Structures are given as C-alpha cells and as structure tokens.
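Asker: Here it is, the structure, as structure tokens.
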Amino acid sequence: MRWLEIAWEDQGVHEIAGPEAEPKILQFFRDAGRDDITSDEVAWCAAWTGSCLSRAGVSLAAIPKSERLLARSYLSIGTPIDAPRIGCIAVLTRGDPTSGFGHVGFVVGITDTHIALLGGNQSNAVSVRHFPRSQVLGYRWPVAVTPADLDTSGSRITTTAQAQKRDAAKAGGAQILPQPPDIDPSAWVAKGSAWQSTIESAIGFFNFVAHRWPWLMLFISAYYLGRIAWSSGWIRSWRAEDASTGDHVGRQTLPQPNGSTIPLQAEVAANVGQAL
C-alpha cells in the first residue's frame, strides 16, 4: 500500500500560524490538482488525501478538480468495501449528516466501536485521531479490487495469520485421517452418483496410507505445526517492531508526547479542524 507509506511520511506536517503558509501543505493542494490555493488556512484534509493517492500513482480522475477539496467526494474513489481495513479511505460526516460537511483520511487502526484515522488538518496537522465508527459514511479501497485481492493486500501480520489458518486446517486434516472407519461415503454421496466410486476409491487410498504408514500422517501434521510455530515467531517480532517504528500500524495504543500510550478506544474524535 504505497499510499499509506507516503501518508506516514507526512505525519507531523503542521500549519504555520499567521499569514505565511506551510509549503508542504500548499504542495498537497497542487498534487490534488488545485494550484489556485495559496493558503494553509483553507481546509486541507481532502487535499492531503488526494495528494497521497496522487503521489502513489492512484488516479483522481473520478473526482472533478473543483470537488477535490470536499471530503465526501472521495466516496467515488476506488472500490467500496463493507468494513474498515488498514489502509482504506474512510469518509466521515462532520456535524449535521445532511450538511454536506465531512472529513477524510486513511484507516490505521480498528476497534469494535472506533477507527484510528491518519488524516490531514487534524488539529491543524497530519496526525492520528480516533472517531466513532457511527460517523463513517463509507469505506473505499483506493484502487479497483476484488475480495480475493483484499485478502492478499493486508499487512505482513495479516497475511501470515491467514497462512497459519490454512496450515492449521492441513495439520488437523492429517491428524484426523488415521481414524477413517467413521467415514461413510454413502452419507456424502447418494447411491447411484457418478462420483461415488471415485470418492470411495480416494477414501480407501487414504485409509490405506493412514493405517500402513501412520508416521507419514504424523510427519505431515508436525510439518504444518512447525510452520505455524515459525511464523508465530515472526509475528511477535513484527508486532514489537511496528510498535516501535509505526510501520504497518494496526496497533491498539497511540504514543503520546510524554512517552506513554493510551488505548485506541480511549481517545474519541476531537479537534478535527475545519475539514470539509
């Protein structure tokens, strides 16, 4: 997710008080196709989101240039998804849901009730703030994607956990095979089915292997259990690394200036800034 890597690089960019404007914020406007903006006092959460996408090579053509400073316009970017994912765009309502005002940024953390949003113009800076999921108007994946693509585009921790789930199923299957007498093919396939004899033959083969060479099934189980143990070590290492560096952030705490941390769900949306 190149757009999220770029977004983290901007963390800490802050408005300049007074008549001067922060050059990086003006560049966000230019990246979003709005060269006419010359002040960092103009609401810029949408411009920053568009800038991150543009710098990552994601087209903003779905949004007319005149609307790229409107948070809700990002509901037309990419692919709609039903639930938040790390790296997706979240568009939120601000104030009266019918007012047309909103806020937009990238999801970097999730709980049952809140999302952590890395966004621009949050307390006048690029920062992480937390919002109730009830404020979300929609989630978008920035590029065209299928559900299968989403399953393989998560963080390294997520994808490794999915591999562990598959390995656990394989290890369990190998352990179950040595008890085949309980398997009744006729319960699976109606008599007369063209596939019944094939299935019976396959089950018979596995029965033979399980009873002839039970150590083989144990070896298969041990292999997949070993893979799970190995990848679990990597997950622990990555979690420690991510907590220190902020990479692949999906952590449940937010670092504070004094070095302490607070639970993600404890800080509820505040000081969103004048985001459109």
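Residue numbering restarts at 1 for every chain of the structure tokens, chains are lettered A, B, ... in their displayed order, and ligands are numbered from 1 as they appear.
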Skipping near chain neighbours, those fewer than 2 positions away, what residues fall within 10 Å of A:Ala144 using only C-alpha atoms, listed as a list in words?
Answerer: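 What passes the distance filter is Ile77, Gly78, Thr79, Pro80, Arg140, Trp141, Pro142, Thr146 and Asp149 of chain A.
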Asker: Might you pull out every residue within 12 Å of A:Ala17, with only C-alpha atoms counted and same-chain residues fewer than 5 positions away left off, and present them as a ChimeraX atom specification?
Answerer: /A:22,39-41,124-125
Asker: Keeping all heavy atoms for every residue in the selection just given, could you write it to a file as a PDB file, in the first residue's frame?
Answerer:
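What landed in part_39.pdb:
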ATOM      1  N   GLU A  22       2.509  26.906   5.108  1.00  0.00           N
ATOM      2  CA  GLU A  22       3.434  25.774   5.085  1.00  0.00           C
ATOM      3  C   GLU A  22       3.581  25.275   3.643  1.00  0.00           C
ATOM      4  O   GLU A  22       2.605  24.852   3.017  1.00  0.00           O
ATOM      5  CB  GLU A  22       2.916  24.653   5.983  1.00  0.00           C
ATOM      6  CG  GLU A  22       3.623  23.328   5.841  1.00  0.00           C
ATOM      7  CD  GLU A  22       5.125  23.401   6.044  1.00  0.00           C
ATOM      8  OE1 GLU A  22       5.560  23.923   7.100  1.00  0.00           O
ATOM      9  OE2 GLU A  22       5.859  22.945   5.132  1.00  0.00           O
ATOM     10  N   SER A  39      -3.095  29.293   0.512  1.00  0.00           N
ATOM     11  CA  SER A  39      -3.135  29.465   1.970  1.00  0.00           C
ATOM     12  C   SER A  39      -3.344  28.120   2.651  1.00  0.00           C
ATOM     13  O   SER A  39      -4.148  27.300   2.174  1.00  0.00           O
ATOM     14  CB  SER A  39      -4.253  30.422   2.370  1.00  0.00           C
ATOM     15  OG  SER A  39      -4.438  30.427   3.782  1.00  0.00           O
ATOM     16  N   ASP A  40      -2.626  27.897   3.762  1.00  0.00           N
ATOM     17  CA  ASP A  40      -2.847  26.664   4.505  1.00  0.00           C
ATOM     18  C   ASP A  40      -4.000  26.784   5.486  1.00  0.00           C
ATOM     19  O   ASP A  40      -4.253  25.880   6.291  1.00  0.00           O
ATOM     20  CB  ASP A  40      -1.577  26.213   5.227  1.00  0.00           C
ATOM     21  CG  ASP A  40      -1.075  27.215   6.257  1.00  0.00           C
ATOM     22  OD1 ASP A  40      -1.780  28.204   6.530  1.00  0.00           O
ATOM     23  OD2 ASP A  40       0.042  27.011   6.788  1.00  0.00           O
ATOM     24  N   GLU A  41      -4.713  27.928   5.434  1.00  0.00           N
ATOM     25  CA  GLU A  41      -5.902  28.105   6.264  1.00  0.00           C
ATOM     26  C   GLU A  41      -7.135  27.494   5.607  1.00  0.00           C
ATOM     27  O   GLU A  41      -8.169  27.338   6.247  1.00  0.00           O
ATOM     28  CB  GLU A  41      -6.147  29.603   6.526  1.00  0.00           C
ATOM     29  CG  GLU A  41      -5.019  30.302   7.273  1.00  0.00           C
ATOM     30  CD  GLU A  41      -4.833  29.757   8.677  1.00  0.00           C
ATOM     31  OE1 GLU A  41      -5.847  29.381   9.316  1.00  0.00           O
ATOM     32  OE2 GLU A  41      -3.674  29.695   9.138  1.00  0.00           O
ATOM     33  N   ASN A 124      -4.916  20.778  12.948  1.00  0.00           N
ATOM     34  CA  ASN A 124      -4.079  21.586  12.051  1.00  0.00           C
ATOM     35  C   ASN A 124      -2.803  20.886  11.620  1.00  0.00           C
ATOM     36  O   ASN A 124      -1.814  21.533  11.263  1.00  0.00           O
ATOM     37  CB  ASN A 124      -3.727  22.939  12.700  1.00  0.00           C
ATOM     38  CG  ASN A 124      -4.956  23.758  13.007  1.00  0.00           C
ATOM     39  OD1 ASN A 124      -5.911  23.758  12.240  1.00  0.00           O
ATOM     40  ND2 ASN A 124      -4.937  24.463  14.130  1.00  0.00           N
ATOM     41  N   ALA A 125      -2.802  19.558  11.644  1.00  0.00           N
ATOM     42  CA  ALA A 125      -1.600  18.808  11.277  1.00  0.00           C
ATOM     43  C   ALA A 125      -1.991  17.465  10.666  1.00  0.00           C
ATOM     44  O   ALA A 125      -3.158  17.052  10.710  1.00  0.00           O
ATOM     45  CB  ALA A 125      -0.721  18.595  12.505  1.00  0.00           C
TER      46      ALA A 125
END
Asker: Atom CA of A:Thr111 to atom CA of A:Ala7: how many Å, to one decimal?
Answerer: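 Pair atom CA of A:Thr111 / atom CA of A:Ala7 returns 21.0 Å.
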Asker: To one decimal place, how far is atom CA of A:Ile81 from atom CA of A:Ser134 in Å?
Answerer: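 Going from atom CA of A:Ile81 over to atom CA of A:Ser134, I get 15.6 Å.
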Asker: Quick one: residues within 12 Å of A:Ser51, only C-alpha atoms, excluding same-chain residues fewer than 6 positions away - as a PDB file with N, CA and C atoms, in the first residue's frame?
Answerer:
ATOM      1  N   TRP A   3       0.290   4.211  -0.952  1.00  0.00           N
ATOM      2  CA  TRP A   3      -0.338   5.453  -0.480  1.00  0.00           C
ATOM      3  C   TRP A   3      -0.238   5.593   1.043  1.00  0.00           C
ATOM      4  N   LEU A   4      -0.285   4.463   1.773  1.00  0.00           N
ATOM      5  CA  LEU A   4      -0.201   4.548   3.225  1.00  0.00           C
ATOM      6  C   LEU A   4       1.235   4.826   3.672  1.00  0.00           C
ATOM      7  N   ILE A   6       3.348   6.630   2.033  1.00  0.00           N
ATOM      8  CA  ILE A   6       3.515   8.071   1.783  1.00  0.00           C
ATOM      9  C   ILE A   6       2.811   8.879   2.866  1.00  0.00           C
ATOM     10  N   ALA A   7       1.619   8.431   3.259  1.00  0.00           N
ATOM     11  CA  ALA A   7       0.853   9.145   4.284  1.00  0.00           C
ATOM     12  C   ALA A   7       1.615   9.206   5.604  1.00  0.00           C
ATOM     13  N   ASP A  10       4.249  11.866   5.916  1.00  0.00           N
ATOM     14  CA  ASP A  10       3.777  13.241   6.123  1.00  0.00           C
ATOM     15  C   ASP A  10       3.396  13.531   7.572  1.00  0.00           C
ATOM     16  N   LYS A  24       4.691  22.571   2.355  1.00  0.00           N
ATOM     17  CA  LYS A  24       4.271  21.188   2.112  1.00  0.00           C
ATOM     18  C   LYS A  24       2.753  21.097   1.960  1.00  0.00           C
ATOM     19  N   ILE A  25       2.024  21.908   2.719  1.00  0.00           N
ATOM     20  CA  ILE A  25       0.568  21.886   2.600  1.00  0.00           C
ATOM     21  C   ILE A  25       0.126  22.472   1.266  1.00  0.00           C
ATOM     22  N   LEU A  26       0.797  23.521   0.828  1.00  0.00           N
ATOM     23  CA  LEU A  26       0.487  24.074  -0.492  1.00  0.00           C
ATOM     24  C   LEU A  26       0.755  23.042  -1.581  1.00  0.00           C
ATOM     25  N   GLN A  27       1.789  22.222  -1.371  1.00  0.00           N
ATOM     26  CA  GLN A  27       2.083  21.170  -2.345  1.00  0.00           C
ATOM     27  C   GLN A  27       0.977  20.118  -2.357  1.00  0.00           C
ATOM     28  N   PHE A  28       0.366  19.860  -1.181  1.00  0.00           N
ATOM     29  CA  PHE A  28      -0.760  18.925  -1.155  1.00  0.00           C
ATOM     30  C   PHE A  28      -1.868  19.403  -2.089  1.00  0.00           C
ATOM     31  N   PHE A  29      -2.149  20.708  -2.036  1.00  0.00           N
ATOM     32  CA  PHE A  29      -3.178  21.262  -2.920  1.00  0.00           C
ATOM     33  C   PHE A  29      -2.794  21.075  -4.391  1.00  0.00           C
ATOM     34  N   ARG A  30      -1.529  21.331  -4.710  1.00  0.00           N
ATOM     35  CA  ARG A  30      -1.080  21.182  -6.098  1.00  0.00           C
ATOM     36  C   ARG A  30      -1.174  19.728  -6.545  1.00  0.00           C
ATOM     37  N   ASP A  31      -0.767  18.795  -5.667  1.00  0.00           N
ATOM     38  CA  ASP A  31      -0.846  17.370  -6.013  1.00  0.00           C
ATOM     39  C   ASP A  31      -2.275  16.938  -6.305  1.00  0.00           C
ATOM     40  N   ALA A  32      -3.222  17.591  -5.615  1.00  0.00           N
ATOM     41  CA  ALA A  32      -4.634  17.256  -5.807  1.00  0.00           C
ATOM     42  C   ALA A  32      -5.256  18.006  -6.985  1.00  0.00           C
ATOM     43  N   GLY A  33      -4.435  18.784  -7.682  1.00  0.00           N
ATOM     44  CA  GLY A  33      -4.928  19.494  -8.856  1.00  0.00           C
ATOM     45  C   GLY A  33      -5.507  20.856  -8.571  1.00  0.00           C
ATOM     46  N   ARG A  34      -5.189  21.439  -7.396  1.00  0.00           N
ATOM     47  CA  ARG A  34      -5.716  22.750  -7.047  1.00  0.00           C
ATOM     48  C   ARG A  34      -4.570  23.741  -6.825  1.00  0.00           C
ATOM     49  N   TRP A  44      -7.864  21.355   4.430  1.00  0.00           N
ATOM     50  CA  TRP A  44      -6.980  20.592   3.544  1.00  0.00           C
ATOM     51  C   TRP A  44      -6.946  19.086   3.794  1.00  0.00           C
ATOM     52  N   CYS A  45      -7.896  18.538   4.548  1.00  0.00           N
ATOM     53  CA  CYS A  45      -7.873  17.086   4.759  1.00  0.00           C
ATOM     54  C   CYS A  45      -8.068  16.342   3.432  1.00  0.00           C
ATOM     55  N   GLY A  57       0.465   7.138  -7.349  1.00  0.00           N
ATOM     56  CA  GLY A  57       0.094   6.715  -8.696  1.00  0.00           C
ATOM     57  C   GLY A  57      -1.356   6.343  -8.854  1.00  0.00           C
ATOM     58  N   VAL A  58      -2.192   6.697  -7.855  1.00  0.00           N
ATOM     59  CA  VAL A  58      -3.628   6.413  -7.933  1.00  0.00           C
ATOM     60  C   VAL A  58      -4.324   7.591  -8.610  1.00  0.00           C
ATOM     61  N   SER A  59      -5.108   7.315  -9.623  1.00  0.00           N
ATOM     62  CA  SER A  59      -5.778   8.375 -10.381  1.00  0.00           C
ATOM     63  C   SER A  59      -6.887   9.035  -9.563  1.00  0.00           C
ATOM     64  N   LEU A  60      -6.969  10.375  -9.687  1.00  0.00           N
ATOM     65  CA  LEU A  60      -8.053  11.130  -9.064  1.00  0.00           C
ATOM     66  C   LEU A  60      -9.100  11.546 -10.086  1.00  0.00           C
ATOM     67  N   ARG A  68     -12.272  18.379  -5.375  1.00  0.00           N
ATOM     68  CA  ARG A  68     -11.243  17.608  -4.686  1.00  0.00           C
ATOM     69  C   ARG A  68     -10.893  18.130  -3.298  1.00  0.00           C
ATOM     70  N   LEU A  69     -11.494  19.240  -2.901  1.00  0.00           N
ATOM     71  CA  LEU A  69     -11.313  19.719  -1.531  1.00  0.00           C
ATOM     72  C   LEU A  69     -12.518  19.351  -0.665  1.00  0.00           C
ATOM     73  N   GLY A 105      -9.678  10.484   5.533  1.00  0.00           N
ATOM     74  CA  GLY A 105      -8.300  10.085   5.835  1.00  0.00           C
ATOM     75  C   GLY A 105      -8.154   8.593   5.625  1.00  0.00           C
ATOM     76  N   GLY A 119      -4.945  11.400   9.171  1.00  0.00           N
ATOM     77  CA  GLY A 119      -5.556  12.381   8.294  1.00  0.00           C
ATOM     78  C   GLY A 119      -4.895  13.738   8.359  1.00  0.00           C
ATOM     79  N   GLY A 120      -5.133  14.546   7.346  1.00  0.00           N
ATOM     80  CA  GLY A 120      -4.646  15.914   7.329  1.00  0.00           C
ATOM     81  C   GLY A 120      -5.635  16.846   8.002  1.00  0.00           C
TER      82      GLY A 120
END
Asker: If you count only C-alpha atoms, which residues fall within 7 Å of A:Leu92, apart from same-chain ones fewer than 5 positions away, as a PyMOL selection string?
Answerer: chain A and resi 102-104+135-137
Asker: My list of candidates is A:Gly50, A:Gly100, A:Pro132, A:Gly12. Which is closest to A:Leu117 when distances are computed with only C-alpha atoms?
Answerer: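 Ranked by minimum distance to A:Leu117, first place goes to A:Pro132.
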Asker: Check stretch 88-142 of chain A with DSSP on the backbone and list each residue it calls strand (DSSP E or B), as JSON, numbers by chain.
Answerer: {"A": [89, 90, 91, 92, 93, 102, 103, 104, 105, 106, 107, 108, 109, 110, 114, 115, 116, 117, 118, 119, 120, 121, 122, 125, 126, 127, 128, 129, 130, 131, 132, 136, 137, 138, 139, 140, 141]}
Asker: Keeping only C-alpha atoms, write the selected residues as a CSV table (one decimal), in the first residue's frame.
Answerer:
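Dumped to again.csv:
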chain,number,residue,atom,x,y,z
A,89,ILE,CA,-10.1,5.5,2.9
A,90,ALA,CA,-12.7,6.5,5.4
A,91,VAL,CA,-15.2,9.3,4.7
A,92,LEU,CA,-16.9,10.7,7.8
A,93,THR,CA,-19.7,13.1,8.5
A,102,GLY,CA,-17.2,15.8,6.2
A,103,HIS,CA,-13.7,14.5,6.9
A,104,VAL,CA,-11.5,12.0,5.2
A,105,GLY,CA,-8.3,10.1,5.8
A,106,PHE,CA,-6.8,6.6,6.0
A,107,VAL,CA,-7.7,3.9,8.5
A,108,VAL,CA,-4.7,2.8,10.5
A,109,GLY,CA,-6.4,1.1,13.5
A,110,ILE,CA,-9.7,-0.5,14.2
A,114,HIS,CA,-13.8,3.3,16.7
A,115,ILE,CA,-11.4,3.7,13.9
A,116,ALA,CA,-8.0,5.4,14.1
A,117,LEU,CA,-7.6,7.8,11.2
A,118,LEU,CA,-4.4,9.1,9.8
A,119,GLY,CA,-5.6,12.4,8.3
A,120,GLY,CA,-4.6,15.9,7.3
A,121,ASN,CA,-6.0,19.0,9.1
A,122,GLN,CA,-6.5,17.1,12.3
A,125,ALA,CA,-1.6,18.8,11.3
A,126,VAL,CA,-1.2,15.4,9.7
A,127,SER,CA,-1.9,13.2,12.7
A,128,VAL,CA,-3.8,10.2,14.0
A,129,ARG,CA,-7.1,10.8,15.7
A,130,HIS,CA,-9.9,8.4,16.7
A,131,PHE,CA,-13.5,8.5,15.6
A,132,PRO,CA,-16.7,6.5,16.3
A,136,VAL,CA,-18.4,6.9,8.9
A,137,LEU,CA,-20.3,7.5,5.7
A,138,GLY,CA,-18.3,4.9,3.7
A,139,TYR,CA,-15.1,3.0,3.3
A,140,ARG,CA,-13.2,2.9,0.0
A,141,TRP,CA,-10.2,0.9,-1.2
Asker: Compare A:Asp35, A:Val145, A:Gly87, A:Leu53 by their minimum atom-to-atom distance to A:Lys65, counting only C-alpha atoms, and give me the closest one.
Answerer: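 Checking each candidate against A:Lys65, we get A:Asp35 as the closest.
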Asker: Could you state the separation of atom CA of A:Met1 and atom CA of A:Ile37 in Å, given to one decimal place?
Answerer: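 One can read the atom CA of A:Met1 to atom CA of A:Ile37 distance as 28.2 Å.
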